[in-house]
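Okay, coords_26.pdb now, which holds PDB, C-alpha atoms and all ligand atoms:
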```
ATOM      1  CA  VAL A1163     132.461 183.717  65.834  1.00  0.00           C
ATOM      2  CA  LYS A1164     134.410 180.747  67.178  1.00  0.00           C
ATOM      3  CA  ALA A1165     137.963 180.057  66.136  1.00  0.00           C
ATOM      4  CA  LEU A1166     138.799 178.512  62.764  1.00  0.00           C
ATOM      5  CA  HIS A1167     141.941 176.396  62.473  1.00  0.00           C
ATOM      6  CA  LEU A1168     143.495 174.945  59.300  1.00  0.00           C
ATOM      7  CA  VAL A1169     145.131 171.509  59.402  1.00  0.00           C
ATOM      8  CA  LEU A1170     147.461 170.203  56.678  1.00  0.00           C
ATOM      9  CA  VAL A1171     147.622 166.417  57.054  1.00  0.00           C
ATOM     10  CA  HIS A1172     150.614 164.393  55.817  1.00  0.00           C
ATOM     11  CA  HIS A1173     149.517 161.171  57.557  1.00  0.00           C
ATOM     12  CA  PRO A1174     147.199 159.295  57.315  1.00  0.00           C
ATOM     13  CA  VAL A1175     146.634 160.094  53.640  1.00  0.00           C
ATOM     14  CA  LEU A1176     146.060 157.934  50.567  1.00  0.00           C
ATOM     15  CA  ASP A1177     148.444 157.046  47.777  1.00  0.00           C
ATOM     16  CA  ARG A1178     147.462 156.454  44.156  1.00  0.00           C
ATOM     17  CA  ASP A1179     146.443 152.865  44.928  1.00  0.00           C
ATOM     18  CA  GLY A1180     144.370 153.734  47.969  1.00  0.00           C
ATOM     19  CA  GLY A1181     147.018 152.665  50.463  1.00  0.00           C
ATOM     20  CA  ILE A1182     147.680 154.663  53.637  1.00  0.00           C
ATOM     21  CA  VAL A1183     150.927 156.626  53.339  1.00  0.00           C
ATOM     22  CA  THR A1184     152.878 159.567  54.714  1.00  0.00           C
ATOM     23  CA  THR A1185     153.713 162.379  52.301  1.00  0.00           C
ATOM     24  CA  ALA A1186     156.617 164.818  52.411  1.00  0.00           C
ATOM     25  CA  ILE A1187     156.064 168.402  53.505  1.00  0.00           C
ATOM     26  CA  THR A1188     155.995 170.843  50.587  1.00  0.00           C
ATOM     27  CA  ASN A1189     157.517 174.214  51.469  1.00  0.00           C
ATOM     28  CA  LEU A1190     155.088 176.015  49.142  1.00  0.00           C
ATOM     29  CA  ASP A1191     152.114 174.571  51.059  1.00  0.00           C
ATOM     30  CA  LEU A1192     153.336 176.204  54.283  1.00  0.00           C
ATOM     31  CA  HIS A1193     153.742 179.647  52.700  1.00  0.00           C
ATOM     32  CA  ASP A1194     150.591 179.564  50.607  1.00  0.00           C
ATOM     33  CA  MET A1195     148.253 178.193  53.267  1.00  0.00           C
ATOM     34  CA  SER A1196     149.698 180.429  56.010  1.00  0.00           C
ATOM     35  CA  ARG A1197     149.080 183.504  53.856  1.00  0.00           C
ATOM     36  CA  SER A1198     145.545 182.377  53.043  1.00  0.00           C
ATOM     37  CA  GLY A1199     144.939 181.432  56.679  1.00  0.00           C
ATOM     38  CA  ARG A1200     146.135 184.805  57.933  1.00  0.00           C
ATOM     39  CA  THR A1201     144.012 186.571  55.348  1.00  0.00           C
ATOM     40  CA  TYR A1202     140.860 184.803  56.610  1.00  0.00           C
ATOM     41  CA  ASP A1203     141.718 185.057  60.299  1.00  0.00           C
ATOM     42  CA  ALA A1204     142.523 181.393  60.915  1.00  0.00           C
ATOM     43  CA  VAL A1205     144.054 180.975  64.377  1.00  0.00           C
ATOM     44  CA  HIS A1206     146.713 178.460  63.292  1.00  0.00           C
ATOM     45  CA  LEU A1207     147.829 176.372  60.354  1.00  0.00           C
ATOM     46  CA  TRP A1208     148.573 173.015  61.983  1.00  0.00           C
ATOM     47  CA  VAL A1209     151.031 170.860  60.058  1.00  0.00           C
ATOM     48  CA  VAL A1210     150.727 167.157  60.957  1.00  0.00           C
ATOM     49  CA  HIS A1211     153.772 164.993  60.273  1.00  0.00           C
ATOM     50  CA  PRO A1212     154.856 161.866  62.217  1.00  0.00           C
ATOM     51  CA  ILE A1213     158.496 161.991  61.051  1.00  0.00           C
ATOM     52  CA  THR A1214     160.770 164.096  63.270  1.00  0.00           C
ATOM     53  CA  ALA A1215     163.148 165.127  60.484  1.00  0.00           C
ATOM     54  CA  GLN A1216     160.218 166.489  58.497  1.00  0.00           C
ATOM     55  CA  ARG A1217     158.920 168.462  61.490  1.00  0.00           C
ATOM     56  CA  THR A1218     162.438 169.838  62.041  1.00  0.00           C
ATOM     57  CA  LEU A1219     162.490 171.013  58.416  1.00  0.00           C
ATOM     58  CA  ALA A1220     159.135 172.755  58.848  1.00  0.00           C
ATOM     59  CA  GLU A1221     160.279 174.368  62.127  1.00  0.00           C
ATOM     60  CA  ARG A1222     163.398 175.675  60.353  1.00  0.00           C
ATOM     61  CA  ILE A1223     161.246 177.174  57.606  1.00  0.00           C
ATOM     62  CA  ARG A1224     159.035 178.788  60.244  1.00  0.00           C
ATOM     63  CA  ALA A1225     162.027 180.117  62.219  1.00  0.00           C
ATOM     64  CA  HIS A1226     163.667 181.557  59.105  1.00  0.00           C
ATOM     65  CA  TRP A1227     160.585 183.549  58.187  1.00  0.00           C
ATOM     66  CA  VAL A1228     159.314 184.452  61.658  1.00  0.00           C
ATOM     67  CA  GLU A1229     162.489 185.217  63.640  1.00  0.00           C
ATOM     68  CA  GLY A1230     165.225 184.957  60.979  1.00  0.00           C
ATOM     69  CA  SER A1231     166.489 186.935  58.030  1.00  0.00           C
ATOM     70  CA  GLY A1232     163.452 186.101  55.886  1.00  0.00           C
ATOM     71  CA  GLY A1233     161.159 187.828  58.322  1.00  0.00           C
ATOM     72  CA  LYS A1234     163.396 190.877  58.460  1.00  0.00           C
ATOM     73  CA  ARG A1235     163.385 191.121  54.677  1.00  0.00           C
ATOM     74  CA  ILE A1236     159.643 190.458  54.279  1.00  0.00           C
ATOM     75  CA  PRO A1237     157.813 191.332  57.528  1.00  0.00           C
ATOM     76  CA  ASP A1238     154.415 190.478  56.023  1.00  0.00           C
ATOM     77  CA  ARG A1239     155.560 186.928  55.450  1.00  0.00           C
ATOM     78  CA  ALA A1240     156.666 186.726  59.077  1.00  0.00           C
ATOM     79  CA  ARG A1241     153.131 187.586  60.163  1.00  0.00           C
ATOM     80  CA  ALA A1242     151.745 184.818  57.944  1.00  0.00           C
ATOM     81  CA  LEU A1243     154.168 182.036  58.869  1.00  0.00           C
ATOM     82  CA  ALA A1244     153.706 182.899  62.554  1.00  0.00           C
ATOM     83  CA  ILE A1245     150.404 180.964  62.521  1.00  0.00           C
ATOM     84  CA  LEU A1246     152.255 177.684  61.805  1.00  0.00           C
ATOM     85  CA  ARG A1247     152.085 174.972  64.485  1.00  0.00           C
ATOM     86  CA  ILE A1248     153.935 171.753  63.619  1.00  0.00           C
ATOM     87  CA  VAL A1249     152.885 168.545  65.423  1.00  0.00           C
ATOM     88  CA  PRO A1250     153.323 164.747  65.079  1.00  0.00           C
ATOM     89  CA  SER A1251     149.677 163.684  64.892  1.00  0.00           C
ATOM     90  CA  LEU A1252     146.039 164.675  64.629  1.00  0.00           C
ATOM     91  CA  GLU A1253     145.731 163.821  68.338  1.00  0.00           C
ATOM     92  CA  ASP A1254     148.171 166.662  69.055  1.00  0.00           C
ATOM     93  CA  VAL A1255     145.996 169.017  67.010  1.00  0.00           C
ATOM     94  CA  PHE A1256     142.883 167.953  68.931  1.00  0.00           C
ATOM     95  CA  HIS A1257     144.589 168.558  72.273  1.00  0.00           C
ATOM     96  CA  GLY A1258     146.138 171.783  71.055  1.00  0.00           C
ATOM     97  CA  ILE A1259     142.730 173.141  70.077  1.00  0.00           C
ATOM     98  CA  GLY A1260     140.400 171.243  72.427  1.00  0.00           C
ATOM     99  CA  GLY A1261     142.553 171.537  75.536  1.00  0.00           C
ATOM    100  CA  GLU A1262     141.358 169.342  78.436  1.00  0.00           C
ATOM    101  CA  ALA A1263     138.320 168.322  76.398  1.00  0.00           C
ATOM    102  CA  GLY A1264     140.570 167.015  73.583  1.00  0.00           C
ATOM    103  CA  ARG A1265     138.632 165.869  70.506  1.00  0.00           C
ATOM    104  CA  ALA A1266     135.314 166.732  72.176  1.00  0.00           C
ATOM    105  CA  GLY A1267     136.447 170.331  72.549  1.00  0.00           C
ATOM    106  CA  LEU A1268     136.354 171.062  68.832  1.00  0.00           C
ATOM    107  CA  GLN A1269     134.616 170.203  65.590  1.00  0.00           C
ATOM    108  CA  VAL A1270     136.561 168.418  62.831  1.00  0.00           C
ATOM    109  CA  TRP A1271     135.548 169.407  59.307  1.00  0.00           C
ATOM    110  CA  THR A1272     136.961 167.940  56.103  1.00  0.00           C
ATOM    111  CA  THR A1273     136.974 168.767  52.425  1.00  0.00           C
ATOM    112  CA  ALA A1274     137.515 166.245  49.669  1.00  0.00           C
ATOM    113  CA  ALA A1275     137.543 166.176  45.894  1.00  0.00           C
ATOM    114  CA  SER A1276     135.794 162.837  45.888  1.00  0.00           C
ATOM    115  CA  SER A1277     132.319 162.851  47.261  1.00  0.00           C
ATOM    116  CA  ALA A1278     132.886 159.149  47.908  1.00  0.00           C
ATOM    117  CA  LYS A1279     130.422 158.183  50.570  1.00  0.00           C
ATOM    118  CA  HIS A1280     132.000 158.472  54.004  1.00  0.00           C
ATOM    119  CA  GLY A1281     128.812 159.895  55.447  1.00  0.00           C
ATOM    120  CA  GLU A1282     126.528 162.824  54.831  1.00  0.00           C
ATOM    121  CA  LEU A1283     127.903 165.848  52.952  1.00  0.00           C
ATOM    122  CA  THR A1284     127.306 169.472  54.007  1.00  0.00           C
ATOM    123  CA  SER A1285     126.886 172.167  51.372  1.00  0.00           C
ATOM    124  CA  TRP A1286     129.170 175.183  51.353  1.00  0.00           C
ATOM    125  CA  PRO A1287     126.421 177.659  52.254  1.00  0.00           C
ATOM    126  CA  ALA A1288     125.344 175.445  55.165  1.00  0.00           C
ATOM    127  CA  ALA A1289     128.960 175.101  56.323  1.00  0.00           C
ATOM    128  CA  ARG A1290     129.363 178.884  56.193  1.00  0.00           C
ATOM    129  CA  ALA A1291     126.282 179.356  58.354  1.00  0.00           C
ATOM    130  CA  GLN A1292     127.441 176.644  60.790  1.00  0.00           C
ATOM    131  CA  LEU A1293     130.836 178.313  61.131  1.00  0.00           C
ATOM    132  CA  ALA A1294     129.233 181.681  61.849  1.00  0.00           C
ATOM    133  CA  GLY A1295     127.225 180.111  64.664  1.00  0.00           C
ATOM    134  CA  ALA A1296     129.858 177.644  65.886  1.00  0.00           C
ATOM    135  CA  THR A1297     129.973 177.113  69.652  1.00  0.00           C
ATOM    136  CA  ARG A1298     133.271 175.173  69.526  1.00  0.00           C
ATOM    137  CA  PRO A1299     136.450 175.853  67.534  1.00  0.00           C
ATOM    138  CA  VAL A1300     136.441 174.367  64.024  1.00  0.00           C
ATOM    139  CA  ALA A1301     139.464 172.497  62.621  1.00  0.00           C
ATOM    140  CA  LEU A1302     139.252 172.360  58.808  1.00  0.00           C
ATOM    141  CA  LEU A1303     141.395 169.454  57.574  1.00  0.00           C
ATOM    142  CA  PHE A1304     143.099 169.258  54.187  1.00  0.00           C
ATOM    143  CA  GLY A1305     144.817 166.174  52.831  1.00  0.00           C
ATOM    144  CA  THR A1306     147.923 165.671  50.719  1.00  0.00           C
ATOM    145  CA  GLY A1307     148.833 162.827  48.376  1.00  0.00           C
ATOM    146  CA  TRP A1308     145.600 161.420  47.040  1.00  0.00           C
ATOM    147  CA  GLY A1309     143.509 162.738  49.897  1.00  0.00           C
ATOM    148  CA  LEU A1310     142.619 162.202  53.521  1.00  0.00           C
ATOM    149  CA  ALA A1311     142.385 158.604  54.720  1.00  0.00           C
ATOM    150  CA  PRO A1312     138.832 157.207  54.997  1.00  0.00           C
ATOM    151  CA  GLU A1313     139.003 156.968  58.795  1.00  0.00           C
ATOM    152  CA  VAL A1314     139.676 160.719  58.977  1.00  0.00           C
ATOM    153  CA  LEU A1315     136.698 161.461  56.740  1.00  0.00           C
ATOM    154  CA  ARG A1316     134.487 159.102  58.751  1.00  0.00           C
ATOM    155  CA  ASP A1317     135.490 160.699  62.067  1.00  0.00           C
ATOM    156  CA  ALA A1318     134.675 164.218  60.818  1.00  0.00           C
ATOM    157  CA  ASP A1319     131.759 166.112  62.335  1.00  0.00           C
ATOM    158  CA  VAL A1320     131.209 167.893  59.015  1.00  0.00           C
ATOM    159  CA  ARG A1321     132.197 166.664  55.559  1.00  0.00           C
ATOM    160  CA  ILE A1322     131.885 169.602  53.212  1.00  0.00           C
ATOM    161  CA  ALA A1323     130.849 168.781  49.649  1.00  0.00           C
ATOM    162  CA  PRO A1324     133.529 168.845  46.950  1.00  0.00           C
ATOM    163  CA  ILE A1325     134.390 172.247  45.484  1.00  0.00           C
ATOM    164  CA  ASP A1326     132.782 171.920  42.089  1.00  0.00           C
ATOM    165  CA  GLY A1327     134.122 174.204  39.392  1.00  0.00           C
ATOM    166  CA  ALA A1328     132.055 175.214  36.409  1.00  0.00           C
ATOM    167  CA  PRO A1329     128.812 173.328  35.874  1.00  0.00           C
ATOM    168  CA  GLY A1330     129.562 170.286  33.763  1.00  0.00           C
ATOM    169  CA  SER A1331     133.288 170.470  34.414  1.00  0.00           C
ATOM    170  CA  ASP A1332     134.658 166.935  34.665  1.00  0.00           C
ATOM    171  CA  PHE A1333     137.706 167.880  36.735  1.00  0.00           C
ATOM    172  CA  ASP A1334     137.852 168.830  40.414  1.00  0.00           C
ATOM    173  CA  HIS A1335     141.275 167.721  41.653  1.00  0.00           C
ATOM    174  CA  LEU A1336     142.519 171.002  43.019  1.00  0.00           C
ATOM    175  CA  SER A1337     145.897 171.525  44.622  1.00  0.00           C
ATOM    176  CA  VAL A1338     145.656 171.645  48.392  1.00  0.00           C
ATOM    177  CA  ARG A1339     146.726 175.293  48.232  1.00  0.00           C
ATOM    178  CA  ALA A1340     143.937 176.225  45.821  1.00  0.00           C
ATOM    179  CA  ALA A1341     141.337 174.174  47.679  1.00  0.00           C
ATOM    180  CA  CYS A1342     142.277 175.874  50.949  1.00  0.00           C
ATOM    181  CA  ALA A1343     141.970 179.369  49.490  1.00  0.00           C
ATOM    182  CA  ILE A1344     138.631 178.644  47.833  1.00  0.00           C
ATOM    183  CA  ALA A1345     137.284 176.972  50.986  1.00  0.00           C
ATOM    184  CA  LEU A1346     138.281 179.934  53.148  1.00  0.00           C
ATOM    185  CA  ASP A1347     136.621 182.401  50.815  1.00  0.00           C
ATOM    186  CA  ARG A1348     133.411 180.362  50.716  1.00  0.00           C
ATOM    187  CA  LEU A1349     133.374 180.032  54.509  1.00  0.00           C
ATOM    188  CA  ARG A1350     134.524 183.506  55.505  1.00  0.00           C
ATOM    189  CA  GLY A1351     134.966 185.727  52.417  1.00  0.00           C
TER     190      GLY A1351
HETATM  191  N1  LIG B1401     149.930 166.768  45.986  1.00  0.00           N
HETATM  192  C1  LIG B1401     148.707 167.546  45.886  1.00  0.00           C
HETATM  193  C2  LIG B1401     148.996 169.020  45.930  1.00  0.00           C
HETATM  194  O1  LIG B1401     150.157 169.422  45.860  1.00  0.00           O
HETATM  195  O2  LIG B1401     148.040 169.763  46.087  1.00  0.00           O
HETATM  196  C3  LIG B1401     147.821 167.205  47.073  1.00  0.00           C
HETATM  197  C4  LIG B1401     146.461 166.861  46.633  1.00  0.00           C
HETATM  198  S1  LIG B1401     145.422 166.631  47.987  1.00  0.00           S
HETATM  199  C5  LIG B1401     144.464 165.285  47.536  1.00  0.00           C
HETATM  200  C6  LIG B1401     144.355 168.005  47.795  1.00  0.00           C
HETATM  201  C7  LIG B1401     143.529 168.272  49.026  1.00  0.00           C
HETATM  202  O3  LIG B1401     142.843 169.492  48.798  1.00  0.00           O
HETATM  203  C8  LIG B1401     142.483 167.220  49.308  1.00  0.00           C
HETATM  204  O4  LIG B1401     142.937 166.292  50.268  1.00  0.00           O
HETATM  205  C9  LIG B1401     141.317 168.037  49.828  1.00  0.00           C
HETATM  206  O5  LIG B1401     141.486 168.318  51.208  1.00  0.00           O
HETATM  207  C10 LIG B1401     141.453 169.325  49.050  1.00  0.00           C
HETATM  208  N2  LIG B1401     140.765 169.316  47.760  1.00  0.00           N
HETATM  209  C11 LIG B1401     141.295 169.128  46.540  1.00  0.00           C
HETATM  210  N3  LIG B1401     140.348 169.253  45.587  1.00  0.00           N
HETATM  211  C12 LIG B1401     139.192 169.505  46.231  1.00  0.00           C
HETATM  212  C13 LIG B1401     137.838 169.727  45.813  1.00  0.00           C
HETATM  213  N4  LIG B1401     137.505 169.730  44.512  1.00  0.00           N
HETATM  214  N5  LIG B1401     136.904 169.956  46.761  1.00  0.00           N
HETATM  215  C14 LIG B1401     137.247 169.977  48.074  1.00  0.00           C
HETATM  216  N6  LIG B1401     138.493 169.778  48.532  1.00  0.00           N
HETATM  217  C15 LIG B1401     139.450 169.549  47.618  1.00  0.00           C
END
```
Write the structure described by the file as structure tokens, please.
Ligand code: SAM
Amino acid sequence: VKALHLVLVHHPVLDRDGGIVTTAITNLDLHDMSRSGRTYDAVHLWVVHPITAQRTLAERIRAHWVEGSGGKRIPDRARALAILRIVPSLEDVFHGIGGEAGRAGLQVWTTAASSAKHGELTSWPAARAQLAGATRPVALLFGTGWGLAPEVLRDADVRIAPIDGAPGSDFDHLSVRAACAIALDRLRG
């Protein structure tokens, strides 16, 4: 099966009013999504942030847990945080995964709470089957703030349907950490 990568996007994402913003990195996201990613054999958790100071913070967190005292105290956490790759933009993710081919060298998949029309939606069972038969690496993107910007959703090769909870439930705004874990289990569990 081809490689699966997780991407945590801090820009471009939406704010409450639908504007395009940049969110701050949440330490908990890095730990939680790295542990889930490692559990489901994701190659990397890519953290996209355009602000250098924020990337420096994330690199310090990674270093503490992978090479530093954190990793010595909790070796399992070192193995999880080791999948972190921190980059300025989605372009860097595409080149990191796609190599020479860049964006064409991988598939970009998104999840979203809102099934707002940005193109056709793929069901979870269909996405699972597509991943099993993938011929190019898959980058599964997760947003922060109020979700991935429309242009990111439009550019995706696969837009997976919202994770619906119980039938009839009128709430589906999961934390990015929860959405990532559920998505991984549906795709690879
Ligand atoms: N500040 C929030 C936090 O701490 O989680 C960030 C919310 S952000 C909008 C949540 C992200 O998780 C979304 O961009 C989407 O990628 C994913 N997500 C959340 N709920 C989802 C759902 N019901 N179905 C699919 N993906 C979902």
For the interface of chain A with ligand LIG 1401 (chain B) (cut-off 7 Å, counting all atoms listed in the file), please tabulate each contacting residue of chain A alongside its nearest pair of atoms and their separation in Å to one decimal, rows sorted by chain and increasing number, as a tab-separated table.
```
residue	atom	partner	partner_atom	distance
A:Thr1272	CA	B:LIG1401	O5	6.7
A:Thr1273	CA	B:LIG1401	N6	4.3
A:Ala1274	CA	B:LIG1401	N6	3.8
A:Ala1275	CA	B:LIG1401	C13	3.6
A:Leu1303	CA	B:LIG1401	O5	6.5
A:Phe1304	CA	B:LIG1401	O5	3.5
A:Gly1305	CA	B:LIG1401	O4	3.2
A:Thr1306	CA	B:LIG1401	S1	3.8
A:Gly1307	CA	B:LIG1401	C3	4.7
A:Trp1308	CA	B:LIG1401	C5	4.1
A:Gly1309	CA	B:LIG1401	C5	3.6
A:Leu1310	CA	B:LIG1401	O4	5.2
A:Ala1323	CA	B:LIG1401	C14	6.7
A:Pro1324	CA	B:LIG1401	N5	3.6
A:Ile1325	CA	B:LIG1401	N5	3.6
A:Asp1326	CA	B:LIG1401	N4	5.7
A:Asp1334	CA	B:LIG1401	N4	4.2
A:His1335	CA	B:LIG1401	N3	4.3
A:Leu1336	CA	B:LIG1401	N3	3.8
A:Ser1337	CA	B:LIG1401	O2	3.1
A:Val1338	CA	B:LIG1401	O3	3.6
A:Arg1339	CA	B:LIG1401	O2	6.1
A:Ala1341	CA	B:LIG1401	N2	4.9
A:Cys1342	CA	B:LIG1401	O3	6.8
```
Quick one: of A:Leu1176, A:Leu1283, A:Val1209, A:Ala1266, who's nearest to Pro1299 in chain A, counting all atoms listed in the file? A:Ala1266
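Among A:Arg1348, A:Ser1196, A:Gly1267, A:Leu1315, the residue with the shortest atom-to-atom distance to Asp1238 in chain A, counting only C-alpha atoms, is A:Ser1196.
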Do you know which residues the PyMOL selection byres (((chain A and resi 1289) around 12) and not hetatm) returns on this file, as a PyMOL selection string? chain A and resi 1269+1271-1273+1283-1288+1290-1296+1300+1302+1319-1323+1345-1350
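Distance annotation: of A:Asn1189, A:Thr1214, A:Thr1184, A:Thr1201, the residue with the minimal separation from Pro1250 in chain A is A:Thr1214; atom set is all atoms listed in the file.
Minimum atom-to-atom distance to Leu1190 in chain A, evaluated using all atoms listed in the file, belongs to A:Ala1340 out of A:Val1228, A:Gly1327, A:Ala1340, A:Ala1301.
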Any chance you could work out the residue set of the PyMOL selection byres (((chain A and resi 1243-1246) around 7) and not hetatm) here, as a PyMOL selection string? chain A and resi 1193+1196+1205-1208+1224+1227-1228+1239-1242+1247-1248
I'd like to know which of A:Leu1192, A:Leu1168, A:Ala1225, A:Ala1204 is closest to Phe1256 in chain A, using only C-alpha atoms.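 When distances to Phe1256 in chain A are compared using only C-alpha atoms, the smallest one comes from A:Leu1168.
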Residues near His1280 in chain A, cut-off 10 Å, all atoms listed in the file, skip fewer than 6 positions along chain, as number ranges by chain: A: 1312-1318, 1321
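Put simply, CA of Gly1258 in chain A is 15.9 Å away from CA of Pro1212 in chain A.
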